[in-house]
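To start, the structure itself, in structure tokens.
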Amino acid sequence: MDCDSHDLKESMFNNFSDVADWEERDFAGAEVKDMRVEAEAVVNDVNFAVRHMAVSKSLPIGEDVAYINVETKEGNRYCLELTEAGLRVVAYGFDKVDKSLSMQYHETIYSLLDSLSPAYRDAFGNALLQRLEALKNVQE
């Protein structure tokens with residue numbers, strides 16, 4: 001079968017276009033993260049190291065934002081905003097958003113709580129030690 005270079009280039013271009021179209025369709029059909037699910041995961045992950053933590057029931061939750069109320073072991077209350085950018089304090093109290101606050105985003109809940117609560121840091125460190133000791137005992 002004879003094939004000139006123009007036909008070969010045209011064929012390669014068409015195949016590449018098909019792949020590019022498929023990728024665009026794939027991204028267009030992809031579901032955006034549900035922030036409620038993400039917020040629940042955050043709460044479940046560190047609930048042991050704070051006095052209280054729950055997804056806000058009174059502030060709006062969408063595909064791009066959720067709010068979490070947290071009370072540290074020291075008794076300080078915060079409302080946290082969770083977005084794709086990360087987590088940040090948006091109020092000193094539950095179920096509030098203070099637009100005048102301009103707090104930095106943290107990539108993880110661990111980083112944010114570490115900056116807010118020395119007791120969180122201790123509780124997290126103790127939990128890690130207990131898990132390592134349990135792992136050591138299983139291996140022996």
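Going through the structure tokens in order, the chains are called A, B, and so on, while each chain numbers its residues from 1 and the ligands are numbered from 1 in the order shown.
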
Selection near A:Asp98, 12 Å with only C-alpha atoms, sequence-local residues under 6 positions removed, as a PyMOL selection string: chain A and resi 78-81+88-92

All residues 6 Å or closer to A:His106, only C-alpha atoms, same chain fewer than 4 positions away omitted, as a PyMOL selection string: chain A and resi 86-87+112

Counting only C-alpha atoms, which residues of stretch 61-82 of chain A fall within 8 Å of stretch 35-54 of chain A, and what is the closest atom pair for each with its distance in Å at one decimal, ordered by chain and rising number, as CSV?
```
residue,atom,partner,partner_atom,distance
A:Ile61,CA,A:Arg36,CA,6.6
A:Gly62,CA,A:Met35,CA,6.4
A:Glu63,CA,A:Met35,CA,5.4
A:Asp64,CA,A:Met35,CA,6.0
A:Val65,CA,A:Met35,CA,5.7
A:Ala66,CA,A:Met35,CA,5.5
A:Tyr67,CA,A:Ala39,CA,7.5
A:Ile68,CA,A:Ala54,CA,5.7
A:Asn69,CA,A:Ala54,CA,5.4
A:Val70,CA,A:Met53,CA,4.3
A:Glu71,CA,A:His52,CA,5.0
A:Thr72,CA,A:Val50,CA,4.8
A:Lys73,CA,A:Arg51,CA,4.9
A:Gly75,CA,A:Arg51,CA,7.4
A:Leu82,CA,A:Ala39,CA,7.0
```

Non-local contacts of A:Tyr110 (9 Å; only C-alpha atoms; under 6 positions in same chain excluded) as a PyMOL selection string: chain A and resi 46+120-121+124

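For the atom pair formed by atom CA of A:Val55 and atom CA of A:Asp34, the distance is 13.1 Å, given to one decimal.
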
Backbone DSSP call of helix (DSSP H, G or I) for stretch 30-68 of chain A, listed as a list in words: Met35, Arg36, Val37, Glu38, Ala39, Glu40, Ala41, Val42, Val43, Asn44, Asp45, Val46, Asn47, Phe48 and Ala49 of chain A

Atom CA of A:Ala123 to atom CA of A:Lys96, distance in Å rounded to a single decimal: 26.6 Å
